[in-house]
file work_30.pdb (PDB, C-alpha atoms)
ATOM      1  CA  MET A   1      97.092  58.095  20.617
ATOM      2  CA  LYS A   2      94.488  56.175  22.554
ATOM      3  CA  THR A   3      91.891  58.893  21.846
ATOM      4  CA  GLU A   4      92.749  58.826  18.153
ATOM      5  CA  HIS A   5      92.472  55.036  18.144
ATOM      6  CA  ARG A   6      89.065  55.208  19.822
ATOM      7  CA  GLN A   7      87.892  57.789  17.279
ATOM      8  CA  LYS A   8      89.007  55.585  14.404
ATOM      9  CA  SER A   9      87.377  52.589  16.024
ATOM     10  CA  GLY A  10      84.195  54.609  16.481
ATOM     11  CA  ILE A  11      84.198  55.740  12.866
ATOM     12  CA  GLY A  12      84.941  52.222  11.686
ATOM     13  CA  ALA A  13      82.171  50.765  13.837
ATOM     14  CA  ALA A  14      79.732  53.360  12.563
ATOM     15  CA  PHE A  15      80.709  52.555   8.967
ATOM     16  CA  HIS A  16      80.218  48.834   9.545
ATOM     17  CA  ARG A  17      76.835  49.462  11.157
ATOM     18  CA  PHE A  18      75.841  51.542   8.138
ATOM     19  CA  TRP A  19      77.177  48.930   5.716
ATOM     20  CA  ASP A  20      75.267  46.141   7.475
ATOM     21  CA  MET A  21      71.978  48.037   7.166
ATOM     22  CA  SER A  22      69.648  46.492   4.589
ATOM     23  CA  GLU A  23      68.961  50.008   3.244
ATOM     24  CA  SER A  24      72.616  51.010   2.758
ATOM     25  CA  GLY A  25      72.902  49.659  -0.796
ATOM     26  CA  ILE A  26      69.931  51.517  -2.246
ATOM     27  CA  LEU A  27      70.825  54.658  -0.286
ATOM     28  CA  ILE A  28      74.287  54.734  -1.869
ATOM     29  CA  VAL A  29      72.819  54.123  -5.332
ATOM     30  CA  THR A  30      70.282  56.920  -4.777
ATOM     31  CA  ILE A  31      72.996  59.384  -3.768
ATOM     32  CA  VAL A  32      75.168  58.411  -6.761
ATOM     33  CA  LEU A  33      72.175  58.845  -9.096
ATOM     34  CA  ALA A  34      71.489  62.312  -7.673
ATOM     35  CA  VAL A  35      75.127  63.379  -8.148
ATOM     36  CA  ILE A  36      75.284  62.104 -11.731
ATOM     37  CA  VAL A  37      72.008  63.724 -12.793
ATOM     38  CA  GLN A  38      72.966  67.004 -11.099
ATOM     39  CA  LEU A  39      76.258  67.060 -12.997
ATOM     40  CA  VAL A  40      74.467  66.439 -16.289
ATOM     41  CA  ASN A  41      71.546  68.785 -15.615
ATOM     42  CA  PRO A  42      71.921  71.373 -12.786
ATOM     43  CA  VAL A  43      68.127  71.834 -12.731
ATOM     44  CA  PHE A  44      67.783  68.563 -10.814
ATOM     45  CA  LEU A  45      68.539  69.897  -7.320
ATOM     46  CA  LYS A  46      66.766  73.220  -7.726
ATOM     47  CA  PRO A  47      64.006  73.670  -5.099
ATOM     48  CA  ALA A  48      61.102  73.511  -7.560
ATOM     49  CA  ASN A  49      62.285  70.256  -9.134
ATOM     50  CA  LEU A  50      63.331  68.759  -5.795
ATOM     51  CA  ASN A  51      59.879  69.474  -4.352
ATOM     52  CA  GLY A  52      58.387  67.710  -7.357
ATOM     53  CA  VAL A  53      60.607  64.673  -6.804
ATOM     54  CA  LEU A  54      59.697  64.482  -3.101
ATOM     55  CA  ARG A  55      56.015  64.971  -3.881
ATOM     56  CA  GLN A  56      56.033  62.126  -6.399
ATOM     57  CA  ALA A  57      57.955  59.940  -3.956
ATOM     58  CA  SER A  58      55.233  60.627  -1.381
ATOM     59  CA  TYR A  59      52.540  59.321  -3.731
ATOM     60  CA  ILE A  60      54.574  56.113  -4.076
ATOM     61  CA  LEU A  61      55.495  55.807  -0.404
ATOM     62  CA  ILE A  62      51.943  56.037   0.958
ATOM     63  CA  PRO A  63      50.722  52.859  -0.813
ATOM     64  CA  GLY A  64      54.264  51.520  -0.352
ATOM     65  CA  ILE A  65      53.717  51.515   3.411
ATOM     66  CA  GLY A  66      50.737  49.205   3.004
ATOM     67  CA  MET A  67      52.595  47.115   0.422
ATOM     68  CA  THR A  68      55.520  46.702   2.826
ATOM     69  CA  LEU A  69      53.224  45.208   5.446
ATOM     70  CA  VAL A  70      51.664  42.901   2.850
ATOM     71  CA  LEU A  71      55.036  41.695   1.536
ATOM     72  CA  VAL A  72      56.532  41.263   5.012
ATOM     73  CA  ALA A  73      53.509  39.120   5.915
ATOM     74  CA  GLY A  74      54.163  36.946   2.857
ATOM     75  CA  GLY A  75      51.492  38.398   0.554
ATOM     76  CA  LEU A  76      51.243  40.550  -2.568
ATOM     77  CA  ASP A  77      48.827  43.288  -3.624
ATOM     78  CA  LEU A  78      48.567  44.152  -7.323
ATOM     79  CA  SER A  79      45.364  46.176  -6.893
ATOM     80  CA  VAL A  80      46.920  49.332  -5.377
ATOM     81  CA  GLY A  81      47.059  51.286  -8.647
ATOM     82  CA  SER A  82      43.353  50.801  -9.311
ATOM     83  CA  VAL A  83      42.476  51.566  -5.685
ATOM     84  CA  ILE A  84      44.319  54.884  -6.040
ATOM     85  CA  ALA A  85      41.906  55.798  -8.843
ATOM     86  CA  LEU A  86      38.912  54.429  -6.926
ATOM     87  CA  GLY A  87      39.726  56.549  -3.858
ATOM     88  CA  GLY A  88      40.008  59.740  -5.889
ATOM     89  CA  ILE A  89      36.847  59.095  -7.892
ATOM     90  CA  THR A  90      34.842  58.222  -4.759
ATOM     91  CA  VAL A  91      35.785  61.575  -3.241
ATOM     92  CA  GLY A  92      34.731  63.338  -6.442
ATOM     93  CA  PHE A  93      31.349  61.637  -6.512
ATOM     94  CA  CYS A  94      30.657  62.425  -2.858
ATOM     95  CA  MET A  95      31.492  66.121  -3.132
ATOM     96  CA  LEU A  96      30.177  66.886  -6.635
ATOM     97  CA  ASP A  97      27.277  64.486  -7.266
ATOM     98  CA  TYR A  98      26.003  64.031  -3.717
ATOM     99  CA  GLN A  99      27.092  67.397  -2.240
ATOM    100  CA  ARG A 100      28.564  65.822   0.875
ATOM    101  CA  PRO A 101      31.010  67.667   3.178
ATOM    102  CA  ILE A 102      34.733  67.220   2.575
ATOM    103  CA  TRP A 103      35.284  65.088   5.672
ATOM    104  CA  VAL A 104      32.484  62.719   4.639
ATOM    105  CA  ALA A 105      33.985  62.415   1.150
ATOM    106  CA  ILE A 106      37.413  61.637   2.610
ATOM    107  CA  VAL A 107      35.978  58.950   4.888
ATOM    108  CA  ALA A 108      34.079  57.478   1.918
ATOM    109  CA  GLY A 109      37.244  57.414  -0.213
ATOM    110  CA  LEU A 110      39.227  55.649   2.502
ATOM    111  CA  LEU A 111      36.319  53.265   3.080
ATOM    112  CA  ALA A 112      36.318  52.350  -0.615
ATOM    113  CA  GLY A 113      39.970  51.361  -0.284
ATOM    114  CA  ALA A 114      39.238  49.442   2.911
ATOM    115  CA  ILE A 115      36.456  47.474   1.189
ATOM    116  CA  ILE A 116      38.811  46.378  -1.590
ATOM    117  CA  GLY A 117      41.335  45.391   1.082
ATOM    118  CA  ILE A 118      38.690  43.437   2.997
ATOM    119  CA  LEU A 119      37.685  41.556  -0.154
ATOM    120  CA  ASN A 120      41.310  40.795  -1.025
ATOM    121  CA  GLY A 121      42.142  39.602   2.469
ATOM    122  CA  ALA A 122      38.945  37.632   3.028
ATOM    123  CA  ILE A 123      39.171  35.675  -0.228
ATOM    124  CA  ILE A 124      42.898  34.994   0.125
ATOM    125  CA  VAL A 125      42.588  33.827   3.740
ATOM    126  CA  ARG A 126      39.290  31.947   3.432
ATOM    127  CA  PHE A 127      40.061  30.029   0.232
ATOM    128  CA  SER A 128      43.881  29.953   0.406
ATOM    129  CA  VAL A 129      44.120  31.373  -3.104
ATOM    130  CA  PRO A 130      47.497  32.776  -4.254
ATOM    131  CA  PRO A 131      47.489  36.536  -3.545
ATOM    132  CA  MET A 132      48.728  37.379  -7.037
ATOM    133  CA  ILE A 133      45.625  35.886  -8.662
ATOM    134  CA  ILE A 134      43.068  37.517  -6.361
ATOM    135  CA  THR A 135      44.677  40.969  -6.292
ATOM    136  CA  LEU A 136      45.207  40.890 -10.059
ATOM    137  CA  GLY A 137      41.497  40.213 -10.481
ATOM    138  CA  MET A 138      40.666  42.940  -7.969
ATOM    139  CA  MET A 139      42.905  45.323  -9.905
ATOM    140  CA  TYR A 140      40.654  44.901 -12.946
ATOM    141  CA  ILE A 141      37.467  44.995 -10.883
ATOM    142  CA  ALA A 142      38.371  48.275  -9.176
ATOM    143  CA  ARG A 143      39.520  49.863 -12.441
ATOM    144  CA  GLY A 144      36.360  48.617 -14.129
ATOM    145  CA  ILE A 145      34.191  50.204 -11.423
ATOM    146  CA  VAL A 146      35.995  53.497 -11.971
ATOM    147  CA  GLN A 147      35.581  53.392 -15.752
ATOM    148  CA  VAL A 148      31.929  52.310 -15.671
ATOM    149  CA  THR A 149      30.851  54.917 -13.103
ATOM    150  CA  THR A 150      32.681  57.794 -14.798
ATOM    151  CA  ASP A 151      32.538  56.784 -18.483
ATOM    152  CA  GLY A 152      36.197  57.737 -18.484
ATOM    153  CA  VAL A 153      35.399  61.383 -17.621
ATOM    154  CA  ALA A 154      37.209  63.116 -14.763
ATOM    155  CA  LYS A 155      35.306  64.439 -11.749
ATOM    156  CA  TYR A 156      36.040  68.177 -11.530
ATOM    157  CA  PRO A 157      36.333  70.873 -10.365
ATOM    158  CA  LEU A 158      36.782  69.729  -6.800
ATOM    159  CA  PRO A 159      36.236  72.320  -4.010
ATOM    160  CA  GLU A 160      39.145  74.653  -3.278
ATOM    161  CA  ALA A 161      39.055  73.720   0.405
ATOM    162  CA  PHE A 162      39.711  70.086  -0.548
ATOM    163  CA  ASN A 163      42.403  71.013  -3.059
ATOM    164  CA  SER A 164      44.244  73.044  -0.440
ATOM    165  CA  LEU A 165      44.861  69.859   1.578
ATOM    166  CA  GLU A 166      47.659  68.900  -0.819
ATOM    167  CA  GLN A 167      48.386  72.161  -2.609
ATOM    168  CA  SER A 168      49.295  74.109   0.542
ATOM    169  CA  ASN A 169      52.914  74.665   1.602
ATOM    170  CA  ILE A 170      54.722  74.724   4.943
ATOM    171  CA  LEU A 171      57.786  76.998   4.842
ATOM    172  CA  GLY A 172      57.953  76.552   1.086
ATOM    173  CA  ILE A 173      57.682  72.759   1.320
ATOM    174  CA  PRO A 174      54.587  70.951  -0.037
ATOM    175  CA  SER A 175      52.456  69.924   2.933
ATOM    176  CA  ILE A 176      52.309  66.320   1.751
ATOM    177  CA  ILE A 177      56.026  65.862   2.470
ATOM    178  CA  PRO A 178      55.942  66.439   6.260
ATOM    179  CA  PHE A 179      52.638  64.545   6.380
ATOM    180  CA  VAL A 180      54.209  61.488   4.752
ATOM    181  CA  ILE A 181      57.263  61.720   7.017
ATOM    182  CA  VAL A 182      54.997  61.584  10.073
ATOM    183  CA  LEU A 183      53.010  58.729   8.524
ATOM    184  CA  GLY A 184      56.212  56.835   7.765
ATOM    185  CA  VAL A 185      57.550  57.271  11.298
ATOM    186  CA  LEU A 186      54.231  56.090  12.724
ATOM    187  CA  PHE A 187      54.206  52.904  10.671
ATOM    188  CA  HIS A 188      57.911  52.352  11.328
ATOM    189  CA  ILE A 189      57.060  52.262  15.034
ATOM    190  CA  VAL A 190      54.085  49.965  14.394
ATOM    191  CA  LEU A 191      56.133  47.536  12.335
ATOM    192  CA  SER A 192      59.301  47.497  14.438
ATOM    193  CA  ARG A 193      58.187  48.229  18.003
ATOM    194  CA  THR A 194      54.737  46.709  18.510
ATOM    195  CA  THR A 195      53.332  43.241  19.060
ATOM    196  CA  TYR A 196      51.350  43.587  15.830
ATOM    197  CA  GLY A 197      54.499  44.385  13.850
ATOM    198  CA  ARG A 198      56.335  41.392  15.302
ATOM    199  CA  ALA A 199      53.359  39.217  14.399
ATOM    200  CA  VAL A 200      53.517  40.488  10.801
ATOM    201  CA  PHE A 201      57.208  39.525  10.572
ATOM    202  CA  ALA A 202      56.558  36.146  12.181
ATOM    203  CA  THR A 203      53.692  35.407   9.793
ATOM    204  CA  GLY A 204      55.821  36.138   6.751
ATOM    205  CA  GLY A 205      58.907  34.402   8.145
ATOM    206  CA  ASN A 206      57.322  31.066   8.980
ATOM    207  CA  ARG A 207      53.550  30.702   9.163
ATOM    208  CA  ASP A 208      53.601  27.347  10.929
ATOM    209  CA  THR A 209      55.984  28.547  13.634
ATOM    210  CA  ALA A 210      53.938  31.727  14.049
ATOM    211  CA  ARG A 211      50.755  29.684  14.440
ATOM    212  CA  ILE A 212      52.354  27.435  17.038
ATOM    213  CA  SER A 213      53.507  30.568  18.889
ATOM    214  CA  GLY A 214      49.890  31.607  19.296
ATOM    215  CA  ILE A 215      49.746  34.243  16.553
ATOM    216  CA  ASN A 216      46.446  34.527  14.704
ATOM    217  CA  VAL A 217      48.020  34.114  11.270
ATOM    218  CA  LYS A 218      44.729  34.457   9.396
ATOM    219  CA  TRP A 219      43.901  37.761  11.107
ATOM    220  CA  ILE A 220      47.363  39.168  10.406
ATOM    221  CA  SER A 221      47.181  38.148   6.739
ATOM    222  CA  PHE A 222      43.689  39.635   6.486
ATOM    223  CA  SER A 223      44.530  42.912   8.227
ATOM    224  CA  VAL A 224      47.556  43.850   6.113
ATOM    225  CA  TYR A 225      45.378  43.939   2.982
ATOM    226  CA  ILE A 226      43.013  46.367   4.680
ATOM    227  CA  VAL A 227      45.966  48.624   5.528
ATOM    228  CA  SER A 228      47.170  48.367   1.928
ATOM    229  CA  GLY A 229      43.742  49.307   0.544
ATOM    230  CA  VAL A 230      43.370  52.307   2.860
ATOM    231  CA  MET A 231      46.903  53.567   2.097
ATOM    232  CA  ALA A 232      46.323  53.283  -1.656
ATOM    233  CA  ALA A 233      43.022  55.162  -1.376
ATOM    234  CA  LEU A 234      44.740  57.852   0.727
ATOM    235  CA  SER A 235      47.311  58.341  -2.021
ATOM    236  CA  GLY A 236      44.433  58.648  -4.505
ATOM    237  CA  LEU A 237      42.759  61.326  -2.358
ATOM    238  CA  LEU A 238      45.946  63.377  -2.219
ATOM    239  CA  ILE A 239      46.541  63.045  -5.960
ATOM    240  CA  SER A 240      42.994  64.287  -6.580
ATOM    241  CA  SER A 241      43.590  67.158  -4.172
ATOM    242  CA  ARG A 242      46.813  68.006  -5.988
ATOM    243  CA  PHE A 243      45.218  68.242  -9.434
ATOM    244  CA  GLY A 244      41.769  69.408  -8.362
ATOM    245  CA  SER A 245      40.035  66.491 -10.070
ATOM    246  CA  GLY A 246      39.356  62.795  -9.750
ATOM    247  CA  GLN A 247      41.020  61.145 -12.749
ATOM    248  CA  PRO A 248      39.845  57.686 -13.913
ATOM    249  CA  SER A 249      43.354  57.017 -15.202
ATOM    250  CA  ALA A 250      45.036  57.863 -11.890
ATOM    251  CA  GLY A 251      47.352  55.205 -10.517
ATOM    252  CA  GLU A 252      47.856  53.334 -13.784
ATOM    253  CA  GLY A 253      51.091  51.392 -13.498
ATOM    254  CA  TYR A 254      51.614  52.505  -9.888
ATOM    255  CA  GLU A 255      51.543  48.946  -8.601
ATOM    256  CA  MET A 256      54.878  48.311 -10.349
ATOM    257  CA  HIS A 257      56.429  51.498  -8.948
ATOM    258  CA  VAL A 258      55.213  50.642  -5.456
ATOM    259  CA  ILE A 259      56.383  47.018  -5.553
ATOM    260  CA  ALA A 260      59.751  48.068  -7.000
ATOM    261  CA  ALA A 261      60.177  50.694  -4.268
ATOM    262  CA  CYS A 262      59.546  48.075  -1.580
ATOM    263  CA  ILE A 263      61.817  45.412  -3.055
ATOM    264  CA  ILE A 264      64.791  47.637  -3.878
ATOM    265  CA  GLY A 265      64.377  49.090  -0.391
ATOM    266  CA  GLY A 266      65.087  45.665   1.077
ATOM    267  CA  THR A 267      61.619  44.151   1.545
ATOM    268  CA  SER A 268      61.638  40.486   0.586
ATOM    269  CA  THR A 269      59.091  39.025  -1.810
ATOM    270  CA  PHE A 270      59.257  35.852   0.282
ATOM    271  CA  GLY A 271      58.109  37.574   3.480
ATOM    272  CA  GLY A 272      59.664  38.097   6.877
ATOM    273  CA  ARG A 273      61.970  40.981   5.956
ATOM    274  CA  GLY A 274      61.475  44.682   5.246
ATOM    275  CA  THR A 275      61.472  48.191   6.711
ATOM    276  CA  ILE A 276      59.493  51.371   6.174
ATOM    277  CA  LEU A 277      62.779  53.285   5.900
ATOM    278  CA  GLY A 278      63.900  51.025   3.073
ATOM    279  CA  THR A 279      60.608  51.550   1.251
ATOM    280  CA  ALA A 280      60.936  55.323   1.722
ATOM    281  CA  ILE A 281      64.391  55.294   0.140
ATOM    282  CA  GLY A 282      63.100  53.000  -2.606
ATOM    283  CA  ALA A 283      60.209  55.398  -3.306
ATOM    284  CA  LEU A 284      62.664  58.302  -3.491
ATOM    285  CA  PHE A 285      64.860  56.323  -5.876
ATOM    286  CA  MET A 286      61.924  55.477  -8.159
ATOM    287  CA  SER A 287      60.790  59.112  -8.195
ATOM    288  CA  MET A 288      64.336  60.332  -8.894
ATOM    289  CA  LEU A 289      64.745  57.761 -11.648
ATOM    290  CA  THR A 290      61.587  58.892 -13.438
ATOM    291  CA  ASN A 291      62.402  62.575 -12.944
ATOM    292  CA  SER A 292      65.991  62.216 -14.104
ATOM    293  CA  MET A 293      64.953  60.427 -17.292
ATOM    294  CA  THR A 294      62.487  63.239 -17.986
ATOM    295  CA  LEU A 295      65.178  65.884 -17.435
ATOM    296  CA  LEU A 296      67.529  63.948 -19.707
ATOM    297  CA  ARG A 297      64.726  63.747 -22.299
ATOM    298  CA  VAL A 298      64.650  59.981 -22.405
ATOM    299  CA  ASN A 299      61.791  58.644 -24.526
ATOM    300  CA  ALA A 300      58.741  57.662 -22.429
ATOM    301  CA  ASN A 301      58.824  54.114 -23.815
ATOM    302  CA  TYR A 302      62.427  53.713 -22.699
ATOM    303  CA  GLN A 303      61.406  54.977 -19.250
ATOM    304  CA  LYS A 304      59.029  52.037 -18.913
ATOM    305  CA  LEU A 305      61.806  49.730 -20.101
ATOM    306  CA  VAL A 306      64.196  51.053 -17.454
ATOM    307  CA  ILE A 307      61.616  50.706 -14.672
ATOM    308  CA  GLY A 308      60.905  47.139 -15.796
ATOM    309  CA  VAL A 309      64.617  46.305 -15.732
ATOM    310  CA  VAL A 310      64.948  47.838 -12.252
ATOM    311  CA  LEU A 311      62.082  45.683 -10.988
ATOM    312  CA  VAL A 312      63.515  42.482 -12.491
ATOM    313  CA  VAL A 313      66.995  43.197 -11.094
ATOM    314  CA  ALA A 314      65.496  43.943  -7.667
ATOM    315  CA  VAL A 315      63.635  40.613  -7.609
ATOM    316  CA  VAL A 316      66.750  38.701  -8.728
ATOM    317  CA  LEU A 317      68.844  40.387  -6.017
ATOM    318  CA  ASP A 318      66.166  39.557  -3.447
ATOM    319  CA  GLN A 319      66.340  35.891  -4.452
ATOM    320  CA  TYR A 320      70.150  35.991  -4.301
ATOM    321  CA  LYS A 321      70.114  37.533  -0.804
ATOM    322  CA  ARG A 322      67.677  34.854   0.339
ATOM    323  CA  GLU A 323      69.877  32.041  -0.950
ATOM    324  CA  VAL A 324      72.975  33.569   0.686
ATOM    325  CA  ALA A 325      71.103  33.919   3.993
ATOM    326  CA  GLN A 326      69.946  30.293   3.825
ATOM    327  CA  LYS A 327      73.492  29.036   3.155
ATOM    328  CA  GLN A 328      74.829  31.138   6.017
ATOM    329  CA  ALA A 329      72.149  29.761   8.342
ATOM    330  CA  MET A 330      73.058  26.191   7.323
ATOM    331  CA  ARG A 331      76.756  26.827   8.033
ATOM    332  CA  ASN A 332      75.948  28.292  11.431
ATOM    333  CA  ALA A 333      73.641  25.390  12.346
TER     334      ALA A 333
END
call {"tool": "encode", "arguments": {"input": "work_30.pdb", "output": "structure tokens"}}
result
Amino acid sequence: MKTEHRQKSGIGAAFHRFWDMSESGILIVTIVLAVIVQLVNPVFLKPANLNGVLRQASYILIPGIGMTLVLVAGGLDLSVGSVIALGGITVGFCMLDYQRPIWVAIVAGLLAGAIIGILNGAIIVRFSVPPMIITLGMMYIARGIVQVTTDGVAKYPLPEAFNSLEQSNILGIPSIIPFVIVLGVLFHIVLSRTTYGRAVFATGGNRDTARISGINVKWISFSVYIVSGVMAALSGLLISSRFGSGQPSAGEGYEMHVIAACIIGGTSTFGGRGTILGTAIGALFMSMLTNSMTLLRVNANYQKLVIGVVLVVAVVLDQYKREVAQKQAMRNA
């Protein structure tokens, strides 16, 4: 009897730990969505479609990692979609127009993203301008650079050796999936187990307290935008590798997918709260949502409507959670 009681207590404790996780809500919703879509259309969980869902989630998660750091630090980056296109086009120019080696083109693409991040961070920190305004302007600047330099024409065909970076498989699984898992684990460790990660949380939680504690708040705020720019450019490189071309239209609307993935994964728009795991689940949910609507033959315009509703609901829930947490803190004080 005692053993049975301990087992029940252990199961109950495990359930409560799961329920208390900030990611538990979206994880349950994601599983329910998968079950419903599978029942309606059995194609959903077939390997080919599942690989496509995970691949698309990877393209969202990579810039989502950078966005998570930005949001946790109390910022916002609306330029990620345009930086995705800029990274892919930069690689195309380097390899096709300037005949540079693949590794040089990759470095140049990531550097392009870093430069946008540096500009975002420097202007926001130096002039204390709201991040939404600066990154919105940078979104148009980066997209304008792409359109002007390409005249709206894709850069192709990219070398097969470059294309194989994303198009290759490992045991039947697209290589980007294990790559993104490793990348996610790495940044999870950075955000949750390092001094830098704690400084990011402190900066977003309360800037004045963080400053008094000796944290270089300006450097933290500046650095997260560089990470965001590099991650967005990396996603652009992999998308170009996937399709064998640098597309000027790549990344259009991605900023909304990325922000939605972060918020529904538990990252707060007010800073100080968020996890890479939550963003990963949010990216999977967004990818599944888009894929399921395609399988169910939902009109493309309605797909945008649904994604917009999801984003609005996520922001409202984030505000509600914040108010509940504040009331609880006041009662405990």
call {"tool": "atom_distance", "arguments": {"input": "work_30.pdb", "atom1": "CA of Thr203 in chain A", "atom2": "CA of Val217 in chain A"}}
result
6.0 Å
call {"tool": "resolve_selection", "arguments": {"input": "work_30.pdb", "expression": "the PyMOL selection byres ((chain A and resi 137-146) around 7)", "output": "list in words"}}
result
Leu78, Ser79, Ser82, Val83, Leu86, Ile89, Ile133, Ile134, Thr135, Leu136, Gln147, Val148, Thr149, Thr150 and Pro248 of chain A
call {"tool": "resolve_selection", "arguments": {"input": "work_30.pdb", "expression": "the PyMOL selection byres ((chain A and resi 205) around 9)", "output": "mmCIF file with C-alpha atoms, in the frame of the given file"}}
result
data_model
loop_
_atom_site.group_PDB
_atom_site.id
_atom_site.type_symbol
_atom_site.label_atom_id
_atom_site.label_comp_id
_atom_site.auth_asym_id
_atom_site.auth_seq_id
_atom_site.Cartn_x
_atom_site.Cartn_y
_atom_site.Cartn_z
ATOM 1 C CA VAL A 72 56.532 41.263 5.012
ATOM 2 C CA ALA A 73 53.509 39.120 5.915
ATOM 3 C CA GLY A 74 54.163 36.946 2.857
ATOM 4 C CA VAL A 200 53.517 40.488 10.801
ATOM 5 C CA PHE A 201 57.208 39.525 10.572
ATOM 6 C CA ALA A 202 56.558 36.146 12.181
ATOM 7 C CA THR A 203 53.692 35.407 9.793
ATOM 8 C CA GLY A 204 55.821 36.138 6.751
ATOM 9 C CA ASN A 206 57.322 31.066 8.980
ATOM 10 C CA ARG A 207 53.550 30.702 9.163
ATOM 11 C CA THR A 209 55.984 28.547 13.634
ATOM 12 C CA ALA A 210 53.938 31.727 14.049
ATOM 13 C CA PHE A 270 59.257 35.852 0.282
ATOM 14 C CA GLY A 271 58.109 37.574 3.480
ATOM 15 C CA GLY A 272 59.664 38.097 6.877
ATOM 16 C CA ARG A 273 61.970 40.981 5.956
#
call {"tool": "atom_distance", "arguments": {"input": "work_30.pdb", "atom1": "CA of Met95 in chain A", "atom2": "CA of Asn163 in chain A"}}
result
12.0 Å
call {"tool": "resolve_selection", "arguments": {"input": "work_30.pdb", "expression": "the PyMOL selection byres ((chain A and resi 262) around 12)", "output": "PyMOL selection string"}}
result
chain A and resi 22-23+26+60-72+76-77+255-261+263-269+271+273-286+310-311+314-315+318
call {"tool": "build_atoms", "arguments": {"input": "work_30.pdb", "residues": "range 230-242 of chain A", "atoms": "N, CA and C atoms", "output": "PDB file, keeping the file's coordinate frame"}}
result
ATOM      1  N   VAL A 230      43.574  50.963   2.313  1.00  0.00           N
ATOM      2  CA  VAL A 230      43.370  52.307   2.860  1.00  0.00           C
ATOM      3  C   VAL A 230      44.505  53.239   2.436  1.00  0.00           C
ATOM      4  N   MET A 231      45.749  52.742   2.479  1.00  0.00           N
ATOM      5  CA  MET A 231      46.903  53.567   2.097  1.00  0.00           C
ATOM      6  C   MET A 231      46.843  53.938   0.613  1.00  0.00           C
ATOM      7  N   ALA A 232      46.440  52.997  -0.228  1.00  0.00           N
ATOM      8  CA  ALA A 232      46.323  53.283  -1.656  1.00  0.00           C
ATOM      9  C   ALA A 232      45.234  54.331  -1.908  1.00  0.00           C
ATOM     10  N   ALA A 233      44.099  54.186  -1.231  1.00  0.00           N
ATOM     11  CA  ALA A 233      43.022  55.162  -1.376  1.00  0.00           C
ATOM     12  C   ALA A 233      43.459  56.538  -0.890  1.00  0.00           C
ATOM     13  N   LEU A 234      44.234  56.585   0.208  1.00  0.00           N
ATOM     14  CA  LEU A 234      44.740  57.852   0.727  1.00  0.00           C
ATOM     15  C   LEU A 234      45.630  58.543  -0.300  1.00  0.00           C
ATOM     16  N   SER A 235      46.481  57.776  -0.960  1.00  0.00           N
ATOM     17  CA  SER A 235      47.311  58.341  -2.021  1.00  0.00           C
ATOM     18  C   SER A 235      46.437  58.899  -3.143  1.00  0.00           C
ATOM     19  N   GLY A 236      45.363  58.176  -3.467  1.00  0.00           N
ATOM     20  CA  GLY A 236      44.433  58.648  -4.505  1.00  0.00           C
ATOM     21  C   GLY A 236      43.749  59.949  -4.114  1.00  0.00           C
ATOM     22  N   LEU A 237      43.382  60.085  -2.836  1.00  0.00           N
ATOM     23  CA  LEU A 237      42.759  61.326  -2.358  1.00  0.00           C
ATOM     24  C   LEU A 237      43.715  62.499  -2.524  1.00  0.00           C
ATOM     25  N   LEU A 238      44.965  62.293  -2.160  1.00  0.00           N
ATOM     26  CA  LEU A 238      45.946  63.377  -2.219  1.00  0.00           C
ATOM     27  C   LEU A 238      46.282  63.746  -3.662  1.00  0.00           C
ATOM     28  N   ILE A 239      46.309  62.761  -4.542  1.00  0.00           N
ATOM     29  CA  ILE A 239      46.541  63.045  -5.960  1.00  0.00           C
ATOM     30  C   ILE A 239      45.382  63.869  -6.511  1.00  0.00           C
ATOM     31  N   SER A 240      44.165  63.517  -6.144  1.00  0.00           N
ATOM     32  CA  SER A 240      42.994  64.287  -6.580  1.00  0.00           C
ATOM     33  C   SER A 240      43.045  65.704  -6.031  1.00  0.00           C
ATOM     34  N   SER A 241      43.459  65.840  -4.782  1.00  0.00           N
ATOM     35  CA  SER A 241      43.590  67.158  -4.172  1.00  0.00           C
ATOM     36  C   SER A 241      44.657  67.974  -4.889  1.00  0.00           C
ATOM     37  N   ARG A 242      45.724  67.326  -5.291  1.00  0.00           N
ATOM     38  CA  ARG A 242      46.813  68.006  -5.988  1.00  0.00           C
ATOM     39  C   ARG A 242      46.351  68.593  -7.320  1.00  0.00           C
TER      40      ARG A 242
END
